[in-house]
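> Dropping in entry.tsv, which is TSV, C-alpha atoms and all ligand atoms:
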chain	number	residue	atom	x	y	z
A	1150	MET	CA	32.12	5.69	0.49
A	1151	ASN	CA	33.26	8.06	3.15
A	1152	SER	CA	31.66	8.13	6.55
A	1153	GLN	CA	31.11	11.87	6.87
A	1154	GLN	CA	27.63	12.68	8.14
A	1155	PRO	CA	25.40	15.06	6.20
A	1156	PRO	CA	25.27	18.54	7.75
A	1157	PHE	CA	21.48	18.83	7.78
A	1158	ALA	CA	19.01	18.13	10.58
A	1159	PRO	CA	19.86	14.95	12.47
A	1160	SER	CA	17.56	12.03	11.89
A	1161	SER	CA	14.88	12.02	14.51
A	1162	GLY	CA	14.43	8.99	12.89
A	1163	ASP	CA	15.45	6.56	14.56
A	1164	VAL	CA	12.13	5.28	15.65
A	1165	PRO	CA	12.45	3.03	18.73
A	1166	ALA	CA	13.08	-0.59	17.83
A	1167	GLU	CA	9.58	-1.79	18.66
A	1168	GLN	CA	8.20	0.75	16.17
A	1169	SER	CA	10.95	0.51	13.57
A	1170	PRO	CA	9.50	1.06	10.16
A	1171	PRO	CA	9.04	-2.00	8.00
A	1172	ALA	CA	11.14	-2.43	4.91
A	1173	LEU	CA	9.57	-1.08	1.74
A	1174	ILE	CA	7.35	-3.91	0.52
A	1175	ASP	CA	4.38	-3.30	-1.73
A	1176	ARG	CA	1.00	-5.06	-1.98
A	1177	PHE	CA	2.45	-7.53	-4.47
A	1178	GLY	CA	5.33	-8.55	-2.23
A	1179	ARG	CA	7.92	-6.62	-4.23
A	1180	HIS	CA	10.76	-5.22	-2.14
A	1181	VAL	CA	11.75	-1.66	-3.07
A	1182	THR	CA	15.50	-1.26	-2.68
A	1183	TYR	CA	16.28	1.16	-5.51
A	1184	VAL	CA	15.31	4.84	-5.80
A	1185	ARG	CA	15.89	7.21	-8.69
A	1186	LEU	CA	16.18	10.80	-7.56
A	1187	SER	CA	15.58	13.45	-10.20
A	1188	VAL	CA	17.29	16.76	-9.50
A	1189	THR	CA	15.98	18.77	-12.44
A	1190	ASP	CA	13.67	18.60	-15.44
A	1191	ARG	CA	16.04	20.84	-17.42
A	1192	CYS	CA	18.52	19.64	-19.97
A	1193	ASP	CA	21.07	20.96	-22.44
A	1194	LEU	CA	19.79	18.53	-25.11
A	1195	ARG	CA	16.32	17.96	-26.57
A	1196	CYS	CA	16.25	14.26	-27.51
A	1197	ARG	CA	13.32	13.62	-29.81
A	1198	TYR	CA	11.99	10.62	-27.89
A	1199	CYS	CA	12.23	12.43	-24.54
A	1200	MET	CA	11.02	15.99	-25.09
A	1201	SER	CA	9.04	18.07	-27.48
A	1202	GLU	CA	10.95	20.78	-29.28
A	1203	LYS	CA	9.50	23.61	-27.21
A	1204	MET	CA	9.46	22.73	-23.55
A	1205	THR	CA	8.32	24.76	-20.59
A	1206	PHE	CA	10.44	23.90	-17.62
A	1207	LEU	CA	9.43	24.05	-13.97
A	1208	PRO	CA	9.99	27.24	-11.99
A	1209	ARG	CA	13.20	26.68	-10.04
A	1210	ALA	CA	11.53	27.69	-6.76
A	1211	GLN	CA	9.26	24.64	-6.99
A	1212	LEU	CA	12.08	22.12	-7.15
A	1213	LEU	CA	13.21	20.22	-4.11
A	1214	THR	CA	16.31	21.85	-2.70
A	1215	LEU	CA	19.43	19.72	-2.75
A	1216	GLU	CA	19.19	19.57	1.05
A	1217	GLU	CA	15.66	18.14	0.76
A	1218	THR	CA	16.80	15.60	-1.81
A	1219	ALA	CA	19.69	14.58	0.44
A	1220	ARG	CA	17.27	14.23	3.35
A	1221	LEU	CA	15.06	11.96	1.28
A	1222	GLY	CA	18.10	9.90	0.29
A	1223	ARG	CA	18.87	9.42	3.95
A	1224	CYS	CA	15.26	8.44	4.79
A	1225	PHE	CA	15.21	5.89	1.97
A	1226	SER	CA	18.53	4.41	3.05
A	1227	GLU	CA	17.18	4.01	6.59
A	1228	LEU	CA	14.24	2.13	5.07
A	1229	GLY	CA	16.50	-0.47	3.48
A	1230	VAL	CA	17.14	1.14	0.11
A	1231	THR	CA	20.66	0.22	-1.03
A	1232	LYS	CA	20.82	1.78	-4.48
A	1233	LEU	CA	20.30	5.42	-5.46
A	1234	ARG	CA	20.49	6.79	-9.00
A	1235	VAL	CA	20.64	10.54	-9.57
A	1236	THR	CA	18.96	11.52	-12.80
A	1237	GLY	CA	16.83	14.19	-14.49
A	1238	GLY	CA	16.53	16.00	-16.95
A	1239	GLU	CA	20.26	16.29	-17.08
A	1240	PRO	CA	21.51	16.05	-13.50
A	1241	LEU	CA	24.84	17.74	-14.22
A	1242	VAL	CA	23.13	21.02	-15.21
A	1243	ARG	CA	21.84	21.45	-11.64
A	1244	PRO	CA	24.10	23.95	-9.83
A	1245	ASN	CA	26.05	22.45	-6.89
A	1246	VAL	CA	24.91	18.91	-7.65
A	1247	ILE	CA	28.31	17.56	-6.56
A	1248	TRP	CA	27.38	18.55	-3.00
A	1249	LEU	CA	24.37	16.22	-3.25
A	1250	PHE	CA	26.55	13.35	-4.45
A	1251	GLU	CA	28.84	13.93	-1.47
A	1252	GLN	CA	25.90	13.70	0.94
A	1253	LEU	CA	24.48	10.58	-0.69
A	1254	GLY	CA	27.93	9.02	-0.93
A	1255	ALA	CA	28.27	9.37	2.84
A	1256	LEU	CA	25.18	7.26	3.60
A	1257	ALA	CA	26.26	4.00	5.17
A	1258	GLY	CA	23.41	1.88	3.75
A	1259	ILE	CA	23.91	2.92	0.13
A	1260	HIS	CA	26.09	0.37	-1.69
A	1261	ASP	CA	25.47	1.66	-5.18
A	1262	LEU	CA	25.32	5.39	-5.95
A	1263	THR	CA	24.87	5.89	-9.65
A	1264	LEU	CA	24.28	8.63	-12.19
A	1265	THR	CA	22.50	8.73	-15.55
A	1266	THR	CA	23.84	11.50	-17.76
A	1267	ASN	CA	24.13	12.66	-21.34
A	1268	ALA	CA	27.81	13.28	-20.46
A	1269	THR	CA	28.00	16.72	-22.08
A	1270	GLN	CA	29.41	18.11	-18.81
A	1271	LEU	CA	31.05	14.96	-17.54
A	1272	ALA	CA	34.58	15.98	-18.53
A	1273	ASN	CA	34.33	18.71	-15.87
A	1274	TYR	CA	32.80	16.54	-13.15
A	1275	ALA	CA	34.09	12.97	-13.56
A	1276	SER	CA	36.82	13.31	-10.99
A	1277	ALA	CA	34.62	15.03	-8.37
A	1278	LEU	CA	31.92	12.39	-8.85
A	1279	LYS	CA	34.44	9.62	-8.25
A	1280	ASP	CA	35.68	11.37	-5.10
A	1281	ALA	CA	32.08	11.77	-3.89
A	1282	GLY	CA	31.56	8.01	-3.96
A	1283	VAL	CA	29.66	7.51	-7.22
A	1284	THR	CA	30.03	3.83	-8.03
A	1285	ARG	CA	28.76	3.64	-11.62
A	1286	ILE	CA	27.71	5.92	-14.48
A	1287	ASN	CA	25.23	5.34	-17.32
A	1288	ILE	CA	25.79	7.49	-20.38
A	1289	SER	CA	23.14	8.01	-23.04
A	1290	LEU	CA	24.48	7.57	-26.56
A	1291	ASP	CA	22.16	6.52	-29.39
A	1292	THR	CA	24.49	6.93	-32.35
A	1293	LEU	CA	28.16	7.33	-33.26
A	1294	ASP	CA	27.45	9.62	-36.18
A	1295	PRO	CA	27.84	13.36	-35.42
A	1296	GLU	CA	25.07	14.41	-37.82
A	1297	ARG	CA	22.64	11.86	-36.47
A	1298	PHE	CA	23.56	12.79	-32.93
A	1299	ARG	CA	22.67	16.39	-33.67
A	1300	ASN	CA	19.45	15.28	-35.30
A	1301	ILE	CA	18.32	12.96	-32.49
A	1302	THR	CA	19.26	15.43	-29.73
A	1303	ARG	CA	18.18	18.43	-31.88
A	1304	ILE	CA	21.06	20.57	-30.56
A	1305	GLY	CA	23.87	18.32	-29.32
A	1306	GLN	CA	27.49	17.94	-30.32
A	1307	ILE	CA	28.68	14.34	-30.09
A	1308	GLU	CA	32.25	15.42	-29.24
A	1309	ARG	CA	31.10	16.66	-25.85
A	1310	THR	CA	29.42	13.37	-24.94
A	1311	LEU	CA	32.35	11.32	-26.21
A	1312	GLY	CA	34.74	13.58	-24.28
A	1313	GLY	CA	32.67	13.02	-21.14
A	1314	LEU	CA	32.78	9.26	-21.64
A	1315	GLU	CA	36.56	9.24	-22.10
A	1316	ALA	CA	36.96	11.37	-18.95
A	1317	ALA	CA	34.89	8.89	-16.94
A	1318	ILE	CA	37.06	6.02	-18.21
A	1319	ARG	CA	40.22	8.00	-17.47
A	1320	VAL	CA	39.34	8.69	-13.83
A	1321	GLY	CA	38.75	4.97	-13.32
A	1322	PHE	CA	34.99	4.40	-13.33
A	1323	GLN	CA	34.29	0.69	-13.73
A	1324	ARG	CA	31.33	-0.88	-15.52
A	1325	ILE	CA	30.31	2.29	-17.32
A	1326	LYS	CA	27.18	1.56	-19.34
A	1327	LEU	CA	25.90	3.18	-22.49
A	1328	ASN	CA	22.14	3.57	-22.86
A	1329	ALA	CA	20.82	3.65	-26.42
A	1330	VAL	CA	17.16	4.20	-27.26
A	1331	VAL	CA	16.65	2.40	-30.56
A	1332	LEU	CA	14.25	3.80	-33.15
A	1333	LYS	CA	13.49	2.11	-36.44
A	1334	ASN	CA	14.94	3.95	-39.44
A	1335	ARG	CA	16.69	6.47	-37.21
A	1336	ASN	CA	19.43	4.46	-35.55
A	1337	HIS	CA	18.45	0.77	-35.61
A	1338	ASP	CA	21.18	0.11	-38.19
A	1339	GLU	CA	23.85	1.15	-35.66
A	1340	VAL	CA	23.35	-1.47	-32.98
A	1341	VAL	CA	26.30	-3.59	-34.14
A	1342	ASP	CA	28.62	-0.55	-34.33
A	1343	LEU	CA	27.51	0.60	-30.88
A	1344	VAL	CA	28.32	-2.83	-29.42
A	1345	ARG	CA	31.75	-2.78	-31.13
A	1346	PHE	CA	32.33	0.68	-29.67
A	1347	ALA	CA	31.47	-0.65	-26.20
A	1348	ILE	CA	33.73	-3.71	-26.64
A	1349	GLU	CA	36.68	-1.51	-27.66
A	1350	ARG	CA	36.34	0.41	-24.40
A	1351	GLY	CA	35.53	-2.55	-22.13
A	1352	ILE	CA	32.18	-1.04	-21.15
A	1353	ASP	CA	28.57	-2.28	-21.16
A	1354	ILE	CA	25.62	-1.19	-23.25
A	1355	SER	CA	21.83	-1.41	-22.88
A	1356	PHE	CA	19.35	-1.03	-25.69
A	1357	ILE	CA	16.03	0.55	-24.71
A	1358	GLU	CA	12.63	0.29	-26.36
A	1359	GLU	CA	11.06	3.74	-26.59
A	1360	MET	CA	8.34	4.38	-24.00
A	1361	PRO	CA	5.23	6.48	-24.69
A	1362	LEU	CA	5.81	9.15	-22.07
A	1363	GLY	CA	4.53	12.62	-22.89
A	1364	VAL	CA	3.41	14.11	-26.18
A	1365	ILE	CA	6.54	14.65	-28.28
A	1366	GLY	CA	4.89	15.74	-31.55
A	1367	ASP	CA	7.92	14.47	-33.44
A	1368	HIS	CA	7.43	10.94	-34.68
A	1369	ASP	CA	4.86	8.21	-34.45
A	1370	ARG	CA	6.15	6.02	-31.65
A	1371	ALA	CA	4.43	2.91	-33.03
A	1372	GLU	CA	6.03	3.41	-36.46
A	1373	ALA	CA	9.47	3.90	-34.86
A	1374	TYR	CA	9.20	0.80	-32.66
A	1375	TYR	CA	12.16	-1.56	-32.98
A	1376	SER	CA	11.95	-4.45	-30.55
A	1377	SER	CA	14.68	-5.91	-28.37
A	1378	ASP	CA	14.19	-9.22	-30.19
A	1379	GLU	CA	14.98	-7.55	-33.52
A	1380	ILE	CA	18.10	-6.00	-32.01
A	1381	ARG	CA	19.20	-9.36	-30.61
A	1382	ARG	CA	18.66	-10.96	-34.01
A	1383	ASP	CA	20.80	-8.24	-35.65
A	1384	LEU	CA	23.56	-8.63	-33.07
A	1385	ALA	CA	23.52	-12.43	-33.29
A	1386	GLU	CA	24.81	-12.17	-36.87
A	1387	TYR	CA	28.08	-10.71	-35.54
A	1388	PHE	CA	28.44	-11.72	-31.89
A	1389	GLU	CA	27.80	-14.76	-29.74
A	1390	LEU	CA	25.42	-13.54	-27.01
A	1391	LEU	CA	25.55	-15.69	-23.89
A	1392	PRO	CA	22.61	-15.41	-21.47
A	1393	THR	CA	23.61	-14.37	-17.94
A	1394	ILE	CA	21.87	-14.04	-14.65
A	1395	ASP	CA	23.71	-10.73	-14.09
A	1396	ASN	CA	21.56	-8.13	-12.51
A	1397	THR	CA	22.58	-4.56	-11.73
A	1398	GLY	CA	19.37	-4.00	-9.80
A	1399	GLY	CA	17.56	-2.41	-12.74
A	1400	PRO	CA	15.28	-3.54	-15.57
A	1401	SER	CA	18.03	-4.63	-18.03
A	1402	LYS	CA	18.25	-8.31	-18.98
A	1403	TYR	CA	21.92	-8.99	-19.71
A	1404	PHE	CA	23.86	-11.09	-22.18
A	1405	ARG	CA	27.63	-11.41	-22.28
A	1406	ILE	CA	29.53	-11.20	-25.54
A	1407	ALA	CA	31.60	-14.38	-25.84
A	1408	ASP	CA	35.30	-13.77	-25.03
A	1409	GLU	CA	34.71	-10.12	-24.14
A	1410	GLU	CA	34.15	-8.09	-20.98
A	1411	THR	CA	31.16	-6.31	-22.45
A	1412	ARG	CA	27.60	-7.08	-21.39
A	1413	VAL	CA	24.66	-6.20	-23.58
A	1414	GLY	CA	21.43	-5.38	-21.81
A	1415	PHE	CA	17.89	-5.05	-23.10
A	1416	ILE	CA	15.26	-2.83	-21.49
A	1417	SER	CA	12.08	-4.03	-23.09
A	1418	PRO	CA	8.95	-2.47	-21.61
A	1419	HIS	CA	6.87	-3.59	-24.59
A	1420	SER	CA	8.22	-6.97	-25.61
A	1421	HIS	CA	9.38	-8.36	-22.23
A	1422	ASN	CA	7.50	-6.63	-19.46
A	1423	PHE	CA	9.72	-6.19	-16.40
A	1424	CYS	CA	7.06	-5.12	-13.86
A	1425	GLY	CA	6.84	-8.47	-12.05
A	1426	ASP	CA	10.17	-7.95	-10.33
A	1427	CYS	CA	10.12	-4.17	-10.13
A	1428	ASN	CA	12.21	-2.98	-7.17
A	1429	ARG	CA	12.19	0.73	-7.99
A	1430	VAL	CA	10.44	4.00	-7.24
A	1431	ARG	CA	11.26	7.52	-8.42
A	1432	VAL	CA	11.27	10.95	-6.84
A	1433	THR	CA	10.64	13.73	-9.35
A	1434	ALA	CA	12.38	17.08	-9.18
A	1435	LEU	CA	9.17	18.42	-7.60
A	1436	GLY	CA	9.37	15.86	-4.82
A	1437	ARG	CA	6.57	13.67	-6.10
A	1438	LEU	CA	7.18	10.02	-5.23
A	1439	LEU	CA	6.23	8.12	-8.37
A	1440	LEU	CA	5.41	4.52	-7.71
A	1441	CYS	CA	5.55	3.46	-11.36
A	1442	LEU	CA	7.17	4.95	-14.44
A	1443	GLY	CA	4.11	4.24	-16.56
A	1444	GLN	CA	1.32	5.20	-14.15
A	1445	GLU	CA	0.35	8.30	-12.20
A	1446	HIS	CA	0.19	6.76	-8.71
A	1447	SER	CA	2.19	9.12	-6.56
A	1448	MET	CA	2.62	10.86	-3.23
A	1449	ASP	CA	3.68	14.47	-2.59
A	1450	LEU	CA	6.80	14.09	-0.45
A	1451	ARG	CA	7.68	17.77	-0.75
A	1452	ARG	CA	4.63	18.60	1.31
A	1453	THR	CA	5.59	15.99	3.89
A	1454	LEU	CA	9.14	17.36	4.05
A	1455	HIS	CA	7.87	20.91	4.53
A	1456	ALA	CA	5.34	19.90	7.18
A	1457	ASN	CA	8.00	17.98	9.13
A	1458	PRO	CA	11.21	19.95	8.80
A	1459	THR	CA	13.13	17.98	11.42
A	1460	ASP	CA	11.08	14.82	11.88
A	1461	ASP	CA	12.42	12.12	9.59
A	1462	ALA	CA	10.26	9.47	11.26
A	1463	ARG	CA	7.16	11.08	9.73
A	1464	VAL	CA	8.76	11.28	6.32
A	1465	LYS	CA	9.67	7.60	6.52
A	1466	LYS	CA	6.15	6.75	7.64
A	1467	ALA	CA	4.76	8.51	4.58
A	1468	ILE	CA	7.15	6.61	2.31
A	1469	VAL	CA	6.15	3.30	3.87
A	1470	ALA	CA	2.46	4.18	3.43
A	1471	ALA	CA	3.06	5.06	-0.24
A	1472	MET	CA	4.10	1.47	-0.97
A	1473	ASP	CA	0.41	0.55	-0.88
A	1474	LEU	CA	-0.08	2.79	-3.92
A	1475	LYS	CA	2.42	0.98	-6.12
A	1476	PRO	CA	0.46	-0.50	-9.03
A	1477	SER	CA	1.16	-3.94	-10.46
A	1478	GLY	CA	2.65	-2.50	-13.64
A	1479	HIS	CA	2.47	-0.14	-16.59
A	1480	ASN	CA	-0.06	-0.34	-19.43
A	1481	PHE	CA	2.10	1.04	-22.24
A	1482	ASP	CA	0.34	0.88	-25.59
A	1483	LEU	CA	2.18	2.41	-28.55
A	1484	GLU	CA	-0.93	2.35	-30.73
A	1485	ALA	CA	-3.12	4.25	-28.28
A	1486	LYS	CA	-3.16	7.97	-27.59
A	1487	PRO	CA	-0.63	8.83	-24.83
A	1488	VAL	CA	-2.13	8.43	-21.38
A	1489	ILE	CA	0.94	9.60	-19.48
A	1490	PHE	CA	1.44	13.28	-20.22
A	1491	ARG	CA	4.61	13.59	-18.23
A	1492	HIS	CA	7.76	13.48	-20.39
A	1493	MET	CA	10.72	11.30	-19.48
A	1494	ASN	CA	12.70	14.37	-18.34
A	1495	MET	CA	9.91	14.99	-15.76
A	1496	THR	CA	9.77	11.34	-14.78
A	1497	GLY	CA	13.38	10.82	-13.83
A	1498	GLY	CA	14.56	8.15	-16.26
B	1	LIG	N1	19.72	13.31	-19.28
B	1	LIG	C1	20.19	12.07	-18.80
B	1	LIG	C2	20.41	11.09	-19.94
B	1	LIG	O1	19.94	11.33	-21.03
B	1	LIG	O2	21.06	10.10	-19.70
B	1	LIG	C3	19.31	11.43	-17.74
B	1	LIG	C4	17.84	11.54	-17.90
B	1	LIG	S1	17.18	10.67	-19.29
B	1	LIG	C5	15.46	11.04	-19.13
B	1	LIG	C6	17.33	8.99	-18.73
B	1	LIG	C7	17.23	7.93	-19.79
B	1	LIG	O3	15.92	7.91	-20.31
B	1	LIG	C8	18.17	8.13	-20.98
B	1	LIG	O4	18.95	6.96	-21.17
B	1	LIG	C9	17.23	8.34	-22.14
B	1	LIG	O5	17.75	7.82	-23.32
B	1	LIG	C10	15.99	7.60	-21.68
B	1	LIG	N2	14.74	8.04	-22.29
B	1	LIG	C11	14.29	9.30	-22.44
B	1	LIG	N3	13.06	9.30	-23.02
B	1	LIG	C12	12.74	8.02	-23.24
B	1	LIG	C13	11.61	7.36	-23.79
B	1	LIG	N4	10.55	8.03	-24.22
B	1	LIG	N5	11.62	6.01	-23.86
B	1	LIG	C14	12.69	5.30	-23.40
B	1	LIG	N6	13.78	5.85	-22.85
B	1	LIG	C15	13.81	7.20	-22.77
B	2	LIG	FE1	18.02	15.45	-21.98
B	2	LIG	FE2	18.38	12.93	-21.25
B	2	LIG	FE3	16.00	13.75	-22.17
B	2	LIG	FE4	18.04	13.61	-23.84
B	2	LIG	S1	17.12	11.88	-22.74
B	2	LIG	S2	16.60	15.32	-23.65
B	2	LIG	S3	19.73	14.13	-22.58
B	2	LIG	S4	16.94	14.39	-20.31
Will you turn the file into structure tokens for me?

Amino acid sequence: MNSQQPPFAPSSGDVPAEQSPPALIDRFGRHVTYVRLSVTDRCDLRCRYCMSEKMTFLPRAQLLTLEETARLGRCFSELGVTKLRVTGGEPLVRPNVIWLFEQLGALAGIHDLTLTTNATQLANYASALKDAGVTRINISLDTLDPERFRNITRIGQIERTLGGLEAAIRVGFQRIKLNAVVLKNRNHDEVVDLVRFAIERGIDISFIEEMPLGVIGDHDRAEAYYSSDEIRRDLAEYFELLPTIDNTGGPSKYFRIADEETRVGFISPHSHNFCGDCNRVRVTALGRLLLCLGQEHSMDLRRTLHANPTDDARVKKAIVAAMDLKPSGHNFDLEAKPVIFRHMNMTGG
């Protein structure tokens, strides 16, 4: 990462040593070192598990500015956060987002600056992202079949996503990871082909159990549930999966494919709850600090930023105080009516 300093207000921050803010530790002793920053709720796809067909997006004037998001990134890094992920919605549809990556890439305490994207625009941005200091990219790809891709995303063309992936490989990104949400009778029969695809390119892949976020009005999430254990069973017929202790700082539990570079991860909110070692919080595009993906505990950081335009110490104080709001975990229940009305594109996945 380069050492250029961001051109916005200097950190007042630097609270004298005797008052230096504590690291981000919640009531359950979990240390928060990873923040997902959402830069938009908008997207050029409409994945069935993520959004309803007709979405109303937020007025642009209500979003955090990129300068405010960069300022938050700096505050978090000064509180001991070492990993930032930029997400959305689709982060690459936000105008001038490369500027934000450059600011975040310049933060000395950030060792891992990552992006989650549907890759439709990645062919245009891969090189600039690399130059900005992005260390890793996750690309969402649920199927290799163009028709299915269009069906799952409602409007997408697989060629654009595959082109984005190839561009990211070409400019030298290491440890690219595919994310695939697996739905029974939609794409569960493709898990072996997706792993082969990852092996051929020397990249990783994580399979995700669908989470009940927002009303999607598309399918019954309980009926479409396909567990990580079922996926592992399907893969075990073709590959030797070796358990690892690898950890990329997120919720995936990883296996290595024998004799291959590729790791296969499982994100299993239903079958293998990951809340016990949760190290993450999210900032929505509106500047709401969400303490848990599956709960509504939150703090309005936009208001704090606006009330303290040059005083980072107060912003950091608010973030530290918010740690007391972090709940022990989610209560996802696929059989129950949705209790979280916010869609994944609003959550910052
Ligand atoms: N647009 C980008 C993308 O698709 O990669 C970033 C945002 S998207 C909300 C982040 C991740 O959340 C994607 O990997 C997507 O597949 C996943 N996702 C969306 N809705 C989900 C849901 N209801 N359950 C589980 N994962 C979901
Ligand atoms: Fe867009 Fe990502 Fe949601 Fe798909 S999962 S609709 S690509 S935000």
> Just want the 9 Å neighbourhood of Ile1468 in chain A, counted on all atoms listed in the file, with same-chain residues fewer than 5 positions away dropped. Output as a PDB file with C-alpha atoms, in the frame of the given file.

ATOM      1  CA  LEU A1173       9.570  -1.080   1.740  1.00  0.00           C
ATOM      2  CA  CYS A1224      15.260   8.440   4.790  1.00  0.00           C
ATOM      3  CA  PHE A1225      15.210   5.890   1.970  1.00  0.00           C
ATOM      4  CA  LEU A1228      14.240   2.130   5.070  1.00  0.00           C
ATOM      5  CA  LEU A1438       7.180  10.020  -5.230  1.00  0.00           C
ATOM      6  CA  MET A1448       2.620  10.860  -3.230  1.00  0.00           C
ATOM      7  CA  LEU A1450       6.800  14.090  -0.450  1.00  0.00           C
ATOM      8  CA  ARG A1463       7.160  11.080   9.730  1.00  0.00           C
TER       9      ARG A1463
END
> Might I get the box with edges along x, y and z of the file that holds all atoms of range 1428-1445 of chain A listed there, padded by 5 Å on every side, given as centre and edge lengths in Å to one decimal, as lines of an AutoDock Vina configuration file?

center_x = 6.4
center_y = 7.7
center_z = -10.7
size_x = 22.0
size_y = 31.4
size_z = 21.7
> Please, what distance in Å, to one decimal, runs between CA of Thr1310 in chain A and CA of Ser1377 in chain A?
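Between CA of Thr1310 in chain A and CA of Ser1377 in chain A the gap works out to 24.5 Å.
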> I'd like to know which of A:Leu1212, A:Leu1194, A:Val1341, A:Leu1278 is closest to Leu1435 in chain A, using all atoms listed in the file.
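Of all the options, A:Leu1212 lies closest to Leu1435 in chain A.
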> Write out, as a Markdown table, each residue of chain A that has an atom at most 8 Å from ligand LIG 2 (chain B), together with the closest pair of atoms and their distance in Å to one decimal, counting only C-alpha atoms and all ligand atoms, rows going by chain and rising number.

| residue | atom | partner | partner_atom | distance |
| --- | --- | --- | --- | --- |
| A:Asp1190 | CA | B:LIG2 | S4 | 7.2 |
| A:Arg1191 | CA | B:LIG2 | S4 | 7.1 |
| A:Cys1192 | CA | B:LIG2 | FE1 | 4.7 |
| A:Asp1193 | CA | B:LIG2 | FE1 | 6.3 |
| A:Leu1194 | CA | B:LIG2 | FE1 | 4.7 |
| A:Arg1195 | CA | B:LIG2 | S2 | 3.9 |
| A:Cys1196 | CA | B:LIG2 | S2 | 4.0 |
| A:Arg1197 | CA | B:LIG2 | S2 | 7.2 |
| A:Tyr1198 | CA | B:LIG2 | S1 | 7.4 |
| A:Cys1199 | CA | B:LIG2 | FE3 | 4.6 |
| A:Met1200 | CA | B:LIG2 | S2 | 5.8 |
| A:Gly1237 | CA | B:LIG2 | S4 | 5.8 |
| A:Gly1238 | CA | B:LIG2 | S4 | 3.7 |
| A:Glu1239 | CA | B:LIG2 | S4 | 5.0 |
| A:Thr1266 | CA | B:LIG2 | FE2 | 6.6 |
| A:Asn1267 | CA | B:LIG2 | S3 | 4.8 |
| A:Ser1289 | CA | B:LIG2 | S3 | 7.0 |
| A:Thr1302 | CA | B:LIG2 | FE4 | 6.3 |
| A:Met1493 | CA | B:LIG2 | FE3 | 6.4 |
| A:Asn1494 | CA | B:LIG2 | S4 | 4.7 |
| A:Gly1498 | CA | B:LIG2 | S4 | 7.8 |
> So that each row is one residue of range 1269-1368 of chain A with an atom at most 7 Å from range 1412-1432 of chain A, can you give its shortest atom pair and the distance in Å to one decimal, using all atoms listed in the file, rows by chain and rising number, as a tab-separated table?

residue	atom	partner	partner_atom	distance
A:Asp1353	CA	A:Arg1412	CA	4.9
A:Ile1354	CA	A:Val1413	CA	5.1
A:Ser1355	CA	A:Gly1414	CA	4.1
A:Phe1356	CA	A:Phe1415	CA	5.0
A:Ile1357	CA	A:Ile1416	CA	4.7
A:Glu1358	CA	A:Ser1417	CA	5.4
> In Å to one decimal, how far is CA of Pro1244 in chain A from CA of Leu1271 in chain A?
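Distance between the two atoms: 13.7 Å.
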> Would you please work out which residue, of A:Gly1229, A:Pro1361, A:Pro1208, A:Gly1178, is nearest to ligand LIG 1 (chain B) when using all atoms listed in the file?
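Under the stated criterion, the closest residue is A:Pro1361.
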